[in-house]
file data_8.cif (mmCIF, C-alpha atoms)
data_my_file
#
loop_
_atom_site.group_PDB
_atom_site.id
_atom_site.type_symbol
_atom_site.label_atom_id
_atom_site.label_comp_id
_atom_site.auth_asym_id
_atom_site.auth_seq_id
_atom_site.Cartn_x
_atom_site.Cartn_y
_atom_site.Cartn_z
ATOM 1 C CA MET S 1221 -32.702 10.836 -92.737
ATOM 2 C CA ASP S 1222 -31.959 14.435 -91.858
ATOM 3 C CA VAL S 1223 -33.345 16.171 -88.773
ATOM 4 C CA PHE S 1224 -36.063 18.074 -90.633
ATOM 5 C CA GLU S 1225 -37.331 14.810 -92.159
ATOM 6 C CA ALA S 1226 -37.497 13.306 -88.661
ATOM 7 C CA VAL S 1227 -39.456 16.356 -87.448
ATOM 8 C CA GLN S 1228 -41.905 15.983 -90.342
ATOM 9 C CA GLN S 1229 -42.347 12.227 -89.791
ATOM 10 C CA ARG S 1230 -42.741 12.283 -86.006
ATOM 11 C CA LYS S 1231 -46.267 11.681 -84.774
ATOM 12 C CA SER S 1232 -47.845 10.269 -81.650
ATOM 13 C CA ILE S 1233 -48.242 6.496 -81.844
ATOM 14 C CA ARG S 1234 -50.584 4.736 -79.430
ATOM 15 C CA SER S 1235 -50.536 1.192 -80.809
ATOM 16 C CA TYR S 1236 -47.411 -0.988 -80.810
ATOM 17 C CA GLN S 1237 -46.212 -4.327 -82.119
ATOM 18 C CA ASP S 1238 -45.308 -6.983 -79.588
ATOM 19 C CA LYS S 1239 -41.640 -6.713 -80.528
ATOM 20 C CA PRO S 1240 -38.741 -5.887 -78.200
ATOM 21 C CA ILE S 1241 -36.385 -2.992 -78.885
ATOM 22 C CA ALA S 1242 -32.691 -3.824 -79.154
ATOM 23 C CA HIS S 1243 -30.625 -2.571 -76.226
ATOM 24 C CA GLU S 1244 -28.246 -0.762 -78.624
ATOM 25 C CA THR S 1245 -31.195 1.131 -80.114
ATOM 26 C CA LEU S 1246 -32.384 2.236 -76.674
ATOM 27 C CA GLU S 1247 -28.841 3.275 -75.866
ATOM 28 C CA ARG S 1248 -28.722 5.566 -78.941
ATOM 29 C CA ILE S 1249 -32.032 7.156 -77.955
ATOM 30 C CA LEU S 1250 -30.822 7.759 -74.394
ATOM 31 C CA GLU S 1251 -27.445 9.028 -75.629
ATOM 32 C CA ALA S 1252 -29.312 11.631 -77.702
ATOM 33 C CA ALA S 1253 -30.907 12.833 -74.460
ATOM 34 C CA ARG S 1254 -27.597 12.859 -72.616
ATOM 35 C CA LEU S 1255 -26.063 15.068 -75.317
ATOM 36 C CA SER S 1256 -28.806 17.700 -75.002
ATOM 37 C CA PRO S 1257 -28.019 21.262 -73.979
ATOM 38 C CA SER S 1258 -28.874 22.513 -70.502
ATOM 39 C CA ALA S 1259 -28.568 25.742 -68.557
ATOM 40 C CA VAL S 1260 -25.075 26.045 -67.073
ATOM 41 C CA ASN S 1261 -24.570 22.431 -68.263
ATOM 42 C CA ARG S 1262 -26.329 21.175 -65.113
ATOM 43 C CA GLN S 1263 -28.017 18.300 -66.976
ATOM 44 C CA PRO S 1264 -30.882 18.149 -64.448
ATOM 45 C CA TRP S 1265 -32.557 15.105 -65.938
ATOM 46 C CA HIS S 1266 -32.903 11.463 -65.137
ATOM 47 C CA PHE S 1267 -34.581 8.865 -67.335
ATOM 48 C CA ILE S 1268 -36.023 5.578 -66.144
ATOM 49 C CA VAL S 1269 -36.404 2.855 -68.778
ATOM 50 C CA VAL S 1270 -39.335 0.625 -67.849
ATOM 51 C CA THR S 1271 -39.782 -2.692 -69.655
ATOM 52 C CA GLU S 1272 -41.292 -4.785 -66.860
ATOM 53 C CA LYS S 1273 -44.929 -5.538 -67.710
ATOM 54 C CA ALA S 1274 -46.289 -5.050 -64.172
ATOM 55 C CA LYS S 1275 -44.615 -1.651 -63.864
ATOM 56 C CA ARG S 1276 -45.856 -0.522 -67.288
ATOM 57 C CA LYS S 1277 -49.356 -1.524 -66.193
ATOM 58 C CA ALA S 1278 -48.986 0.494 -62.974
ATOM 59 C CA LEU S 1279 -47.856 3.505 -65.033
ATOM 60 C CA SER S 1280 -50.896 3.207 -67.318
ATOM 61 C CA ARG S 1281 -53.453 4.247 -64.680
ATOM 62 C CA GLY S 1282 -53.940 7.751 -66.107
ATOM 63 C CA ALA S 1283 -57.107 8.427 -68.101
ATOM 64 C CA PHE S 1284 -55.160 8.783 -71.357
ATOM 65 C CA ALA S 1285 -52.324 6.386 -70.562
ATOM 66 C CA LYS S 1286 -53.956 2.964 -71.000
ATOM 67 C CA PHE S 1287 -51.915 2.149 -74.127
ATOM 68 C CA LEU S 1288 -48.653 2.184 -72.113
ATOM 69 C CA THR S 1289 -49.283 -1.490 -71.365
ATOM 70 C CA GLN S 1290 -48.716 -2.410 -75.024
ATOM 71 C CA ALA S 1291 -45.567 -0.317 -75.575
ATOM 72 C CA PRO S 1292 -42.525 -2.534 -74.986
ATOM 73 C CA VAL S 1293 -40.696 0.397 -73.366
ATOM 74 C CA VAL S 1294 -41.798 3.384 -71.321
ATOM 75 C CA ILE S 1295 -39.198 6.045 -70.597
ATOM 76 C CA VAL S 1296 -40.054 8.211 -67.616
ATOM 77 C CA ALA S 1297 -38.403 11.636 -67.850
ATOM 78 C CA CYS S 1298 -37.701 13.378 -64.559
ATOM 79 C CA GLY S 1299 -36.250 16.807 -63.825
ATOM 80 C CA ASP S 1300 -34.123 17.586 -60.803
ATOM 81 C CA LYS S 1301 -35.702 20.644 -59.135
ATOM 82 C CA LYS S 1302 -32.805 20.966 -56.684
ATOM 83 C CA ALA S 1303 -30.034 20.877 -59.316
ATOM 84 C CA SER S 1304 -31.698 23.498 -61.517
ATOM 85 C CA PRO S 1305 -34.759 25.077 -59.878
ATOM 86 C CA ASP S 1306 -35.492 27.482 -62.722
ATOM 87 C CA TRP S 1307 -34.596 25.384 -65.767
ATOM 88 C CA TYR S 1308 -35.094 21.678 -64.983
ATOM 89 C CA ALA S 1309 -38.356 21.464 -66.983
ATOM 90 C CA VAL S 1310 -36.994 23.257 -70.056
ATOM 91 C CA ASP S 1311 -33.725 21.317 -70.023
ATOM 92 C CA THR S 1312 -35.454 17.951 -69.606
ATOM 93 C CA SER S 1313 -37.898 18.858 -72.382
ATOM 94 C CA LEU S 1314 -35.002 19.538 -74.753
ATOM 95 C CA ALA S 1315 -33.577 16.110 -73.933
ATOM 96 C CA VAL S 1316 -36.983 14.469 -74.490
ATOM 97 C CA GLU S 1317 -37.293 16.019 -77.962
ATOM 98 C CA ASN S 1318 -33.840 14.651 -78.857
ATOM 99 C CA MET S 1319 -35.080 11.195 -77.838
ATOM 100 C CA LEU S 1320 -38.288 11.506 -79.861
ATOM 101 C CA LEU S 1321 -36.443 12.511 -83.037
ATOM 102 C CA THR S 1322 -33.815 9.801 -82.586
ATOM 103 C CA ALA S 1323 -36.595 7.236 -82.170
ATOM 104 C CA VAL S 1324 -38.076 8.312 -85.528
ATOM 105 C CA ASN S 1325 -34.679 7.744 -87.110
ATOM 106 C CA GLU S 1326 -34.679 4.242 -85.590
ATOM 107 C CA ALA S 1327 -38.125 3.474 -87.171
ATOM 108 C CA LEU S 1328 -39.771 3.570 -83.739
ATOM 109 C CA GLY S 1329 -42.994 5.229 -82.714
ATOM 110 C CA THR S 1330 -43.379 7.308 -79.577
ATOM 111 C CA CYS S 1331 -46.057 9.107 -77.647
ATOM 112 C CA CYS S 1332 -45.595 11.568 -74.791
ATOM 113 C CA VAL S 1333 -47.988 10.941 -71.942
ATOM 114 C CA GLY S 1334 -48.839 13.557 -69.350
ATOM 115 C CA SER S 1335 -51.843 11.730 -67.920
ATOM 116 C CA PHE S 1336 -50.438 10.464 -64.621
ATOM 117 C CA ASN S 1337 -50.311 11.159 -60.923
ATOM 118 C CA ASP S 1338 -46.792 12.289 -59.991
ATOM 119 C CA ALA S 1339 -46.920 10.712 -56.522
ATOM 120 C CA ASP S 1340 -48.077 7.353 -57.907
ATOM 121 C CA VAL S 1341 -45.300 7.247 -60.525
ATOM 122 C CA LYS S 1342 -42.712 8.240 -57.917
ATOM 123 C CA MET S 1343 -43.882 5.428 -55.645
ATOM 124 C CA VAL S 1344 -43.879 2.766 -58.400
ATOM 125 C CA LEU S 1345 -40.383 3.732 -59.585
ATOM 126 C CA ASN S 1346 -38.853 4.840 -56.259
ATOM 127 C CA ILE S 1347 -38.096 8.373 -57.519
ATOM 128 C CA PRO S 1348 -36.561 10.803 -54.980
ATOM 129 C CA ASN S 1349 -38.565 13.897 -53.963
ATOM 130 C CA ASN S 1350 -36.186 16.406 -55.584
ATOM 131 C CA PHE S 1351 -37.201 15.021 -58.994
ATOM 132 C CA GLU S 1352 -40.439 15.910 -60.748
ATOM 133 C CA VAL S 1353 -41.913 13.473 -63.254
ATOM 134 C CA LEU S 1354 -42.393 15.601 -66.373
ATOM 135 C CA VAL S 1355 -43.531 13.095 -68.982
ATOM 136 C CA MET S 1356 -43.697 9.392 -69.760
ATOM 137 C CA ILE S 1357 -42.755 8.306 -73.277
ATOM 138 C CA ALA S 1358 -44.173 5.174 -74.870
ATOM 139 C CA VAL S 1359 -41.645 3.676 -77.290
ATOM 140 C CA GLY S 1360 -42.108 0.800 -79.710
ATOM 141 C CA TYR S 1361 -42.522 -0.377 -83.270
ATOM 142 C CA PRO S 1362 -45.790 1.082 -84.586
ATOM 143 C CA LYS S 1363 -48.643 -1.328 -85.206
ATOM 144 C CA GLU S 1364 -50.579 -0.758 -88.385
ATOM 145 C CA LYS S 1365 -53.984 0.105 -87.020
ATOM 146 C CA VAL S 1366 -56.791 2.302 -88.180
ATOM 147 C CA ASP S 1367 -57.319 4.728 -85.321
ATOM 148 C CA ILE S 1368 -60.570 6.481 -86.189
ATOM 149 C CA SER S 1369 -60.419 8.958 -83.300
ATOM 150 C CA THR S 1370 -56.895 10.126 -84.228
ATOM 151 C CA LYS S 1371 -57.855 10.475 -87.887
ATOM 152 C CA LEU S 1372 -60.943 12.501 -86.963
ATOM 153 C CA LEU S 1373 -58.941 14.713 -84.621
ATOM 154 C CA ARG S 1374 -56.369 15.424 -87.358
ATOM 155 C CA MET S 1375 -59.178 16.315 -89.786
ATOM 156 C CA VAL S 1376 -60.857 18.651 -87.295
ATOM 157 C CA ARG S 1377 -57.725 20.090 -85.694
ATOM 158 C CA LYS S 1378 -55.154 20.572 -88.423
ATOM 159 C CA ARG S 1379 -51.723 22.084 -87.869
ATOM 160 C CA LYS S 1380 -51.802 25.849 -87.715
ATOM 161 C CA ASN S 1381 -50.118 27.788 -90.498
ATOM 162 C CA LEU S 1382 -46.731 29.340 -89.767
ATOM 163 C CA SER S 1383 -48.317 32.796 -89.958
ATOM 164 C CA GLU S 1384 -50.609 31.866 -87.052
ATOM 165 C CA VAL S 1385 -47.809 30.944 -84.653
ATOM 166 C CA VAL S 1386 -44.924 33.260 -85.623
ATOM 167 C CA SER S 1387 -44.524 37.040 -85.427
ATOM 168 C CA GLU S 1388 -41.569 39.142 -86.486
ATOM 169 C CA GLU S 1389 -39.995 41.749 -84.206
ATOM 170 C CA GLU S 1390 -43.134 42.029 -82.047
ATOM 171 C CA PHE S 1391 -46.237 40.026 -81.277
ATOM 172 C CA GLY S 1392 -48.796 40.247 -84.069
ATOM 173 C CA LYS S 1393 -46.478 41.648 -86.748
ATOM 174 C CA PRO S 1394 -46.547 39.058 -89.579
ATOM 175 C CA PHE S 1395 -43.499 36.942 -90.283
ATOM 176 C CA LEU S 1396 -43.085 36.930 -94.036
ATOM 177 C CA THR S 1397 -42.277 33.576 -95.589
ATOM 178 C CA GLN S 1398 -40.694 33.037 -99.004
ATOM 179 C CA ARG S 1399 -44.189 32.290 -100.347
ATOM 180 C CA ASN S 1400 -45.421 35.685 -99.197
ATOM 181 C CA THR S 1401 -42.460 37.691 -100.510
ATOM 182 C CA GLN S 1402 -41.995 36.286 -104.042
ATOM 183 C CA PRO S 1403 -43.888 37.867 -106.987
#

call {"tool": "encode", "arguments": {"input": "data_8.cif", "output": "structure tokens"}}
result
Amino acid sequence: MDVFEAVQQRKSIRSYQDKPIAHETLERILEAARLSPSAVNRQPWHFIVVTEKAKRKALSRGAFAKFLTQAPVVIVACGDKKASPDWYAVDTSLAVENMLLTAVNEALGTCCVGSFNDADVKMVLNIPNNFEVLVMIAVGYPKEKVDISTKLLRMVRKRKNLSEVVSEEEFGKPFLTQRNTQP
């Protein structure tokens, strides 16, 4: 699978099979994060792999995080505010995207979760104060499940067209695609 195929196939999965993920597979996903670019190569990220059921349950307290209990793995992505005060969030986000795309290549589903209390997560996982919890990532083998709410949301809120999110040279000046420029 090439990268663009992985981008096209990636979607948020909130229902997982009760099947463990091989350690080697997790290692590849985490290696993809480690290889990510960062400002001045500071690499201001730290990832905590959580497989323990009680800890996953404690992490699932957010209003939209309940499904974390069924994901066999939760990866908590943290950014070091001291190491890179201006760029820790951007750099860690780049590393997270590398993990998400690598997971697709490994036939795994993922979902980024931002519904959490930073202080609670720090306490559960003993995270130092100079780190900010940016996102939790559910990882697992997708369960075939009809999720009516997700299907309805995708019908109501479709992806915007490229012309709606891209300008050329200045904001509001249309970016011409091949479709728009060919006779």

call {"tool": "axis_aligned_box", "arguments": {"input": "data_8.cif", "around": "stretch 1339-1356 of chain S", "padding_each_side": "3 Å", "output": "lines of an AutoDock Vina configuration file"}}
result
center_x = -42.1
center_y = 9.6
center_z = -61.9
size_x = 17.9
size_y = 19.6
size_z = 21.8

call {"tool": "closest_residue", "arguments": {"input": "data_8.cif", "among": "S:Thr1271, S:Ser1304, S:Gln1237, S:Thr1312", "to": "S:Arg1254", "atoms": "only C-alpha atoms"}}
result
S:Thr1312

call {"tool": "residues_around", "arguments": {"input": "data_8.cif", "residues": "stretch 1313-1325 of chain S", "least_positions_apart": "5", "cutoff": "9 Å", "atoms": "only C-alpha atoms", "output": "ChimeraX atom specification"}}
result
/S:1221-1223,1226-1227,1229-1231,1245-1246,1248-1258,1265,1297,1299,1308,1330-1332,1354-1355,1357,1359-1360

call {"tool": "atom_distance", "arguments": {"input": "data_8.cif", "atom1": "atom CA of S:Lys1239", "atom2": "atom CA of S:Lys1273"}}
result
13.3 Å

call {"tool": "residues_around", "arguments": {"input": "data_8.cif", "residues": "S:Glu1352", "least_positions_apart": "5", "cutoff": "8 Å", "atoms": "only C-alpha atoms", "output": "ChimeraX atom specification"}}
result
/S:1298-1301,1338

call {"tool": "build_atoms", "arguments": {"input": "data_8.cif", "residues": "stretch 1305-1335 of chain S", "atoms": "N, CA and C atoms", "output": "PDB file, in the frame of the given file"}}
result
ATOM      1  N   PRO S1305     -33.382  24.703 -60.228  1.00  0.00           N
ATOM      2  CA  PRO S1305     -34.759  25.077 -59.878  1.00  0.00           C
ATOM      3  C   PRO S1305     -35.513  25.839 -60.960  1.00  0.00           C
ATOM      4  N   ASP S1306     -34.816  26.661 -61.719  1.00  0.00           N
ATOM      5  CA  ASP S1306     -35.492  27.482 -62.722  1.00  0.00           C
ATOM      6  C   ASP S1306     -35.584  26.828 -64.100  1.00  0.00           C
ATOM      7  N   TRP S1307     -34.703  25.873 -64.388  1.00  0.00           N
ATOM      8  CA  TRP S1307     -34.596  25.384 -65.767  1.00  0.00           C
ATOM      9  C   TRP S1307     -34.766  23.880 -65.946  1.00  0.00           C
ATOM     10  N   TYR S1308     -35.019  23.134 -64.868  1.00  0.00           N
ATOM     11  CA  TYR S1308     -35.094  21.678 -64.983  1.00  0.00           C
ATOM     12  C   TYR S1308     -36.141  21.229 -66.002  1.00  0.00           C
ATOM     13  N   ALA S1309     -37.287  21.896 -66.066  1.00  0.00           N
ATOM     14  CA  ALA S1309     -38.356  21.464 -66.983  1.00  0.00           C
ATOM     15  C   ALA S1309     -37.979  21.744 -68.432  1.00  0.00           C
ATOM     16  N   VAL S1310     -37.415  22.916 -68.692  1.00  0.00           N
ATOM     17  CA  VAL S1310     -36.994  23.257 -70.056  1.00  0.00           C
ATOM     18  C   VAL S1310     -35.872  22.323 -70.501  1.00  0.00           C
ATOM     19  N   ASP S1311     -34.865  22.162 -69.660  1.00  0.00           N
ATOM     20  CA  ASP S1311     -33.725  21.317 -70.023  1.00  0.00           C
ATOM     21  C   ASP S1311     -34.139  19.867 -70.278  1.00  0.00           C
ATOM     22  N   THR S1312     -34.993  19.331 -69.426  1.00  0.00           N
ATOM     23  CA  THR S1312     -35.454  17.951 -69.606  1.00  0.00           C
ATOM     24  C   THR S1312     -36.301  17.834 -70.864  1.00  0.00           C
ATOM     25  N   SER S1313     -37.085  18.860 -71.162  1.00  0.00           N
ATOM     26  CA  SER S1313     -37.898  18.858 -72.382  1.00  0.00           C
ATOM     27  C   SER S1313     -37.027  18.837 -73.637  1.00  0.00           C
ATOM     28  N   LEU S1314     -35.930  19.571 -73.612  1.00  0.00           N
ATOM     29  CA  LEU S1314     -35.002  19.538 -74.753  1.00  0.00           C
ATOM     30  C   LEU S1314     -34.455  18.120 -74.953  1.00  0.00           C
ATOM     31  N   ALA S1315     -34.106  17.475 -73.857  1.00  0.00           N
ATOM     32  CA  ALA S1315     -33.577  16.110 -73.933  1.00  0.00           C
ATOM     33  C   ALA S1315     -34.636  15.136 -74.453  1.00  0.00           C
ATOM     34  N   VAL S1316     -35.888  15.332 -74.028  1.00  0.00           N
ATOM     35  CA  VAL S1316     -36.983  14.469 -74.490  1.00  0.00           C
ATOM     36  C   VAL S1316     -37.152  14.609 -75.996  1.00  0.00           C
ATOM     37  N   GLU S1317     -37.128  15.828 -76.515  1.00  0.00           N
ATOM     38  CA  GLU S1317     -37.293  16.019 -77.962  1.00  0.00           C
ATOM     39  C   GLU S1317     -36.164  15.324 -78.729  1.00  0.00           C
ATOM     40  N   ASN S1318     -34.939  15.378 -78.210  1.00  0.00           N
ATOM     41  CA  ASN S1318     -33.840  14.651 -78.857  1.00  0.00           C
ATOM     42  C   ASN S1318     -34.149  13.156 -78.917  1.00  0.00           C
ATOM     43  N   MET S1319     -34.727  12.623 -77.841  1.00  0.00           N
ATOM     44  CA  MET S1319     -35.080  11.195 -77.838  1.00  0.00           C
ATOM     45  C   MET S1319     -36.165  10.895 -78.867  1.00  0.00           C
ATOM     46  N   LEU S1320     -37.181  11.740 -78.933  1.00  0.00           N
ATOM     47  CA  LEU S1320     -38.288  11.506 -79.861  1.00  0.00           C
ATOM     48  C   LEU S1320     -37.794  11.492 -81.305  1.00  0.00           C
ATOM     49  N   LEU S1321     -36.942  12.434 -81.660  1.00  0.00           N
ATOM     50  CA  LEU S1321     -36.443  12.511 -83.037  1.00  0.00           C
ATOM     51  C   LEU S1321     -35.491  11.360 -83.352  1.00  0.00           C
ATOM     52  N   THR S1322     -34.698  10.955 -82.380  1.00  0.00           N
ATOM     53  CA  THR S1322     -33.815   9.801 -82.586  1.00  0.00           C
ATOM     54  C   THR S1322     -34.640   8.529 -82.765  1.00  0.00           C
ATOM     55  N   ALA S1323     -35.718   8.404 -82.031  1.00  0.00           N
ATOM     56  CA  ALA S1323     -36.595   7.236 -82.170  1.00  0.00           C
ATOM     57  C   ALA S1323     -37.180   7.163 -83.578  1.00  0.00           C
ATOM     58  N   VAL S1324     -37.569   8.294 -84.147  1.00  0.00           N
ATOM     59  CA  VAL S1324     -38.076   8.312 -85.528  1.00  0.00           C
ATOM     60  C   VAL S1324     -37.014   7.769 -86.465  1.00  0.00           C
ATOM     61  N   ASN S1325     -35.786   8.207 -86.271  1.00  0.00           N
ATOM     62  CA  ASN S1325     -34.679   7.744 -87.110  1.00  0.00           C
ATOM     63  C   ASN S1325     -34.447   6.239 -86.979  1.00  0.00           C
ATOM     64  N   GLU S1326     -34.841   5.685 -85.847  1.00  0.00           N
ATOM     65  CA  GLU S1326     -34.679   4.242 -85.590  1.00  0.00           C
ATOM     66  C   GLU S1326     -35.925   3.451 -85.990  1.00  0.00           C
ATOM     67  N   ALA S1327     -36.869   4.095 -86.715  1.00  0.00           N
ATOM     68  CA  ALA S1327     -38.125   3.474 -87.171  1.00  0.00           C
ATOM     69  C   ALA S1327     -39.030   3.080 -86.012  1.00  0.00           C
ATOM     70  N   LEU S1328     -38.937   3.814 -84.910  1.00  0.00           N
ATOM     71  CA  LEU S1328     -39.771   3.570 -83.739  1.00  0.00           C
ATOM     72  C   LEU S1328     -40.837   4.648 -83.617  1.00  0.00           C
ATOM     73  N   GLY S1329     -41.944   4.279 -83.016  1.00  0.00           N
ATOM     74  CA  GLY S1329     -42.994   5.229 -82.714  1.00  0.00           C
ATOM     75  C   GLY S1329     -42.913   5.616 -81.252  1.00  0.00           C
ATOM     76  N   THR S1330     -43.375   6.815 -80.953  1.00  0.00           N
ATOM     77  CA  THR S1330     -43.379   7.308 -79.577  1.00  0.00           C
ATOM     78  C   THR S1330     -44.667   8.073 -79.312  1.00  0.00           C
ATOM     79  N   CYS S1331     -44.960   8.231 -78.045  1.00  0.00           N
ATOM     80  CA  CYS S1331     -46.057   9.107 -77.647  1.00  0.00           C
ATOM     81  C   CYS S1331     -45.751   9.632 -76.250  1.00  0.00           C
ATOM     82  N   CYS S1332     -45.785  10.946 -76.105  1.00  0.00           N
ATOM     83  CA  CYS S1332     -45.595  11.568 -74.791  1.00  0.00           C
ATOM     84  C   CYS S1332     -46.903  11.504 -74.021  1.00  0.00           C
ATOM     85  N   VAL S1333     -46.807  11.103 -72.777  1.00  0.00           N
ATOM     86  CA  VAL S1333     -47.988  10.941 -71.942  1.00  0.00           C
ATOM     87  C   VAL S1333     -47.849  11.830 -70.706  1.00  0.00           C
ATOM     88  N   GLY S1334     -48.819  12.694 -70.518  1.00  0.00           N
ATOM     89  CA  GLY S1334     -48.839  13.557 -69.350  1.00  0.00           C
ATOM     90  C   GLY S1334     -49.963  13.208 -68.399  1.00  0.00           C
ATOM     91  N   SER S1335     -50.697  12.161 -68.712  1.00  0.00           N
ATOM     92  CA  SER S1335     -51.843  11.730 -67.920  1.00  0.00           C
ATOM     93  C   SER S1335     -51.362  10.743 -66.847  1.00  0.00           C
TER      94      SER S1335
END
